[in-house]
>>> print(open('query.cif').read())   # mmCIF, C-alpha atoms
data_work
loop_
_atom_site.label_atom_id
_atom_site.label_comp_id
_atom_site.auth_asym_id
_atom_site.auth_seq_id
_atom_site.Cartn_x
_atom_site.Cartn_y
_atom_site.Cartn_z
CA ALA A 157 -9.02 -5.58 13.23
CA VAL A 158 -6.75 -6.57 10.37
CA LEU A 159 -3.25 -7.86 10.96
CA ALA A 160 -0.83 -8.32 8.07
CA GLU A 161 2.75 -9.44 7.82
CA ARG A 162 5.25 -10.15 5.10
CA ASP A 163 6.10 -13.79 4.76
CA ALA A 164 9.23 -15.23 3.18
CA GLU A 165 8.52 -18.37 1.21
CA ARG A 166 11.25 -20.67 -0.06
CA LEU A 167 10.96 -21.50 -3.73
CA PRO A 168 12.64 -24.31 -5.66
CA GLY A 169 16.35 -23.61 -6.00
CA GLY A 170 16.52 -21.87 -2.62
CA GLU A 171 15.13 -18.55 -3.85
CA ARG A 172 12.88 -16.61 -1.49
CA SER A 173 9.59 -15.00 -2.47
CA ARG A 174 7.93 -12.38 -0.33
CA GLY A 175 4.21 -12.64 0.20
CA VAL A 176 1.71 -10.94 2.44
CA ARG A 177 -0.47 -12.77 4.90
CA CYS A 178 -3.49 -11.10 6.51
CA GLY A 179 -5.71 -12.12 9.38
CA VAL A 180 -9.09 -10.42 9.84
CA GLY A 181 -10.89 -10.24 13.16
CA GLY A 182 -14.60 -9.84 13.62
CA ALA A 183 -16.49 -6.55 13.56
CA VAL A 184 -16.97 -5.50 17.18
CA PRO A 185 -17.81 -2.34 19.11
CA PRO A 186 -14.77 -0.22 19.99
CA SER A 187 -14.87 -1.43 23.59
CA ARG A 188 -14.09 -4.97 22.32
CA ALA A 189 -11.32 -4.04 19.87
CA ALA A 190 -8.91 -6.31 21.78
CA ASP A 191 -11.14 -9.29 20.98
CA SER A 192 -11.06 -8.49 17.26
CA TRP A 193 -7.28 -8.07 17.43
CA ALA A 194 -6.91 -11.51 19.07
CA GLN A 195 -9.12 -13.00 16.36
CA ALA A 196 -7.00 -11.35 13.65
CA ARG A 197 -3.85 -12.83 15.24
CA THR A 198 -5.42 -16.28 15.20
CA ALA A 199 -6.61 -15.90 11.59
CA LEU A 200 -3.12 -14.80 10.53
CA ARG A 201 -1.75 -18.14 11.71
CA PHE A 202 -3.99 -19.91 9.17
CA ALA A 203 -2.98 -17.69 6.25
CA THR A 204 -0.35 -19.18 3.95
CA GLY A 205 0.20 -16.35 1.50
CA ARG A 206 0.14 -18.93 -1.33
CA GLY A 207 -2.66 -18.31 -3.76
CA PRO A 208 -5.33 -15.64 -3.82
CA ASP A 209 -7.67 -17.48 -1.47
CA ALA A 210 -5.04 -18.36 1.15
CA GLY A 211 -3.36 -15.02 1.82
CA VAL A 212 -6.26 -13.42 3.67
CA VAL A 213 -8.11 -15.37 6.33
CA ASP A 214 -11.21 -14.06 8.09
CA HIS A 215 -11.57 -15.41 11.62
CA ASP A 216 -15.34 -15.65 11.26
CA ALA A 217 -14.93 -17.87 8.17
CA LEU A 218 -12.71 -20.31 10.10
CA GLY A 219 -15.58 -21.44 12.29
CA PRO A 220 -14.54 -24.36 14.51
CA LEU A 221 -11.14 -24.60 12.77
CA ALA A 222 -10.07 -21.62 14.89
CA LEU A 223 -10.10 -23.99 17.88
CA LEU A 224 -7.01 -25.73 16.46
CA ALA A 225 -5.02 -22.58 17.20
CA GLU A 226 -5.62 -23.23 20.90
CA VAL A 227 -3.81 -26.58 20.77
CA PRO A 228 -0.25 -26.16 22.05
CA ALA A 229 2.37 -26.31 19.28
CA ALA A 230 4.22 -29.15 21.03
CA ARG A 231 1.06 -31.25 21.07
CA LEU A 232 0.46 -30.58 17.37
CA ARG A 233 4.06 -31.55 16.55
CA ALA A 234 3.59 -34.80 18.50
CA ASP A 235 0.77 -35.96 16.22
CA ALA A 236 1.86 -38.75 13.87
CA GLY A 237 0.33 -37.11 10.78
CA VAL A 238 1.88 -33.73 11.55
CA ARG A 239 5.26 -35.39 12.22
CA ALA A 240 5.08 -37.31 8.94
CA LEU A 241 4.23 -34.13 7.07
CA ALA A 242 7.13 -32.28 8.73
CA GLU A 243 9.50 -35.11 7.78
CA LEU A 244 8.23 -35.03 4.20
CA ALA A 245 8.76 -31.26 4.03
CA GLU A 246 12.38 -31.70 5.14
CA ARG A 247 13.18 -34.15 2.35
CA ASP A 248 14.76 -33.02 -0.88
CA GLY A 249 11.80 -31.81 -2.96
CA GLY A 250 9.43 -32.37 -0.05
CA GLU A 251 8.25 -28.77 0.01
CA LEU A 252 6.97 -29.26 -3.53
CA GLY A 253 4.95 -32.26 -2.40
CA VAL A 254 3.53 -30.34 0.56
CA ALA A 255 2.59 -27.46 -1.75
CA ALA A 256 0.81 -29.90 -4.07
CA LEU A 257 -1.00 -31.47 -1.10
CA ASP A 258 -2.03 -28.06 0.18
CA ALA A 259 -3.35 -26.98 -3.22
CA PHE A 260 -5.18 -30.29 -3.70
CA CYS A 261 -6.80 -30.13 -0.26
CA ARG A 262 -7.87 -26.51 -0.80
CA THR A 263 -9.33 -27.06 -4.25
CA GLY A 264 -10.50 -30.68 -4.07
CA SER A 265 -9.41 -31.19 -7.66
CA LEU A 266 -6.19 -32.29 -9.30
CA ARG A 267 -6.69 -29.94 -12.26
CA GLN A 268 -7.61 -26.96 -10.07
CA ALA A 269 -4.59 -27.65 -7.84
CA ALA A 270 -2.41 -27.75 -10.96
CA ALA A 271 -3.85 -24.43 -12.13
CA LEU A 272 -3.22 -22.89 -8.71
CA LEU A 273 0.40 -24.08 -8.79
CA HIS A 274 0.88 -23.22 -12.49
CA LEU A 275 1.83 -26.82 -13.24
CA HIS A 276 0.59 -29.56 -15.53
CA HIS A 277 -1.87 -31.87 -13.77
CA SER A 278 0.43 -34.87 -14.33
CA SER A 279 3.19 -33.09 -12.38
CA VAL A 280 0.81 -32.51 -9.48
CA ALA A 281 -0.38 -36.13 -9.67
CA ALA A 282 3.23 -37.34 -9.47
CA ARG A 283 3.91 -35.14 -6.44
CA LEU A 284 0.73 -36.34 -4.74
CA ALA A 285 1.73 -39.97 -5.39
CA VAL A 286 4.96 -39.31 -3.49
CA VAL A 287 2.96 -37.71 -0.66
CA GLU A 288 0.57 -40.67 -0.50
CA GLU A 289 3.45 -43.12 -0.37
CA ALA A 290 5.31 -41.14 2.30
CA LEU A 291 2.28 -40.54 4.51
CA GLY A 292 0.24 -43.66 3.88
CA TRP A 293 -2.87 -41.71 2.92
CA ARG A 294 -5.13 -42.26 -0.09
CA LEU A 295 -6.10 -38.77 -1.07
CA HIS A 296 -9.02 -39.92 -3.24
CA GLU A 297 -10.68 -41.15 -0.02
CA PRO A 298 -12.55 -38.37 1.82
CA GLY A 299 -11.41 -39.52 5.28
CA ASP A 300 -7.74 -39.51 4.33
CA ARG A 301 -8.09 -36.17 2.53
CA PHE A 302 -9.65 -34.76 5.71
CA LYS A 303 -6.74 -36.14 7.79
CA ALA A 304 -4.31 -34.58 5.34
CA GLN A 305 -6.03 -31.19 5.63
CA LEU A 306 -5.96 -31.37 9.44
CA ALA A 307 -2.30 -32.39 9.38
CA LEU A 308 -1.55 -29.41 7.12
CA TYR A 309 -3.27 -27.07 9.55
CA GLY A 310 -1.49 -28.69 12.49
CA TRP A 311 1.89 -28.50 10.76
CA ARG A 312 1.38 -24.86 9.80
CA LEU A 313 0.17 -23.87 13.26
CA SER A 314 2.96 -25.75 15.03
CA ASN A 315 5.54 -23.86 12.96
CA ASP A 316 3.85 -20.47 13.18
CA GLU A 317 3.49 -19.56 16.82
CA GLU A 318 1.28 -16.58 17.61
CA PRO A 319 2.65 -13.35 16.16
CA GLU A 320 4.47 -11.02 18.52
CA GLU A 321 2.56 -8.11 20.01
CA GLY A 322 3.35 -4.98 18.09
#
>>> encode(input="query.cif", output="structure tokens")
Amino acid sequence: AVLAERDAERLPGGERSRGVRCGVGGAVPPSRAADSWAQARTALRFATGRGPDAGVVDHDALGPLALLAEVPAARLRADAGVRALAELAERDGGELGVAALDAFCRTGSLRQAAALLHLHHSSVAARLAVVEEALGWRLHEPGDRFKAQLALYGWRLSNDEEPEEG
């Protein structure tokens, strides 16, 4: 099953951009179509619609990350890292920092993150420095980068409850 939805994304200056997010469930026999549909709904919650590799998420590719979708949203929001990320996102310019963090965590490279965001690498580095200061993480350290990635997933999932049945 494939589930897609339009997603409104706020851009700098308050403009809104429409994107498409897709979640893909596993290939199953027709008698288990409901299972594939549930997987597609879970995968959709991980799709950001930002960048070519983030708009379509295959449930099978998530592996154990799919288990995070089973954590109640309130519990995710209670996590210190998720709370700090949410607070950062609410600050003036915070969404830009979160976007830089997301791109950096997905690519693992400052220059690749800059290319994904269509920015100069020094602009991304400056945004990541603000993120590191606000969150207390050192993104060049693998453990902190992993915590940042988990916090991003937690933040996204806590703000994107399961899609309505349609």
>>> residues_around(input="query.cif", residues="Gly250 (chain A)", least_positions_apart="4", cutoff="10 Å", atoms="only C-alpha atoms", output="ChimeraX atom specification")
/A:241-246,254-256,283,286-287,290
>>> residues_around(input="query.cif", residues="Pro228 (chain A)", least_positions_apart="6", cutoff="12 Å", atoms="only C-alpha atoms", output="JSON list (two decimals) with C-alpha atoms, keeping the file's coordinate frame")
[["chain", "number", "residue", "atom", "x", "y", "z"],
["A", 234, "ALA", "CA", 3.59, -34.80, 18.50],
["A", 235, "ASP", "CA", 0.77, -35.96, 16.22],
["A", 310, "GLY", "CA", -1.49, -28.69, 12.49],
["A", 311, "TRP", "CA", 1.89, -28.50, 10.76],
["A", 313, "LEU", "CA", 0.17, -23.87, 13.26],
["A", 314, "SER", "CA", 2.96, -25.75, 15.03],
["A", 315, "ASN", "CA", 5.54, -23.86, 12.96],
["A", 316, "ASP", "CA", 3.85, -20.47, 13.18],
["A", 317, "GLU", "CA", 3.49, -19.56, 16.82],
["A", 318, "GLU", "CA", 1.28, -16.58, 17.61]]
>>> resolve_selection(input="query.cif", expression="the PyMOL selection byres ((chain A and resi 269) around 10)", output="number ranges by chain")
A: 255-268, 270-277, 280-281
>>> atom_distance(input="query.cif", atom1="CA of Ala203 (chain A)", atom2="CA of Gly179 (chain A)")
6.9 Å
>>> atom_distance(input="query.cif", atom1="CA of Cys178 (chain A)", atom2="CA of Val212 (chain A)")
4.6 Å
>>> atom_distance(input="query.cif", atom1="CA of Glu297 (chain A)", atom2="CA of Pro220 (chain A)")
22.5 Å
>>> closest_residue(input="query.cif", among="A:Arg239, A:Arg201, A:Arg231, A:His215", to="Val180 (chain A)", atoms="only C-alpha atoms")
A:His215
>>> axis_aligned_box(input="query.cif", around="region 245-257 of chain A", padding_each_side="8 Å", output="JSON")
{"center_x": 6.9, "center_y": -30.8, "center_z": 0.5, "size_x": 31.8, "size_y": 22.7, "size_z": 25.2}
>>> closest_residue(input="query.cif", among="A:Ala194, A:Leu291, A:Val184, A:Leu308", to="Leu224 (chain A)", atoms="all atoms listed in the file")
A:Leu308
>>> closest_residue(input="query.cif", among="A:Gly211, A:Ala282, A:Ala230, A:Ala199", to="Gly253 (chain A)", atoms="only C-alpha atoms")
A:Ala282
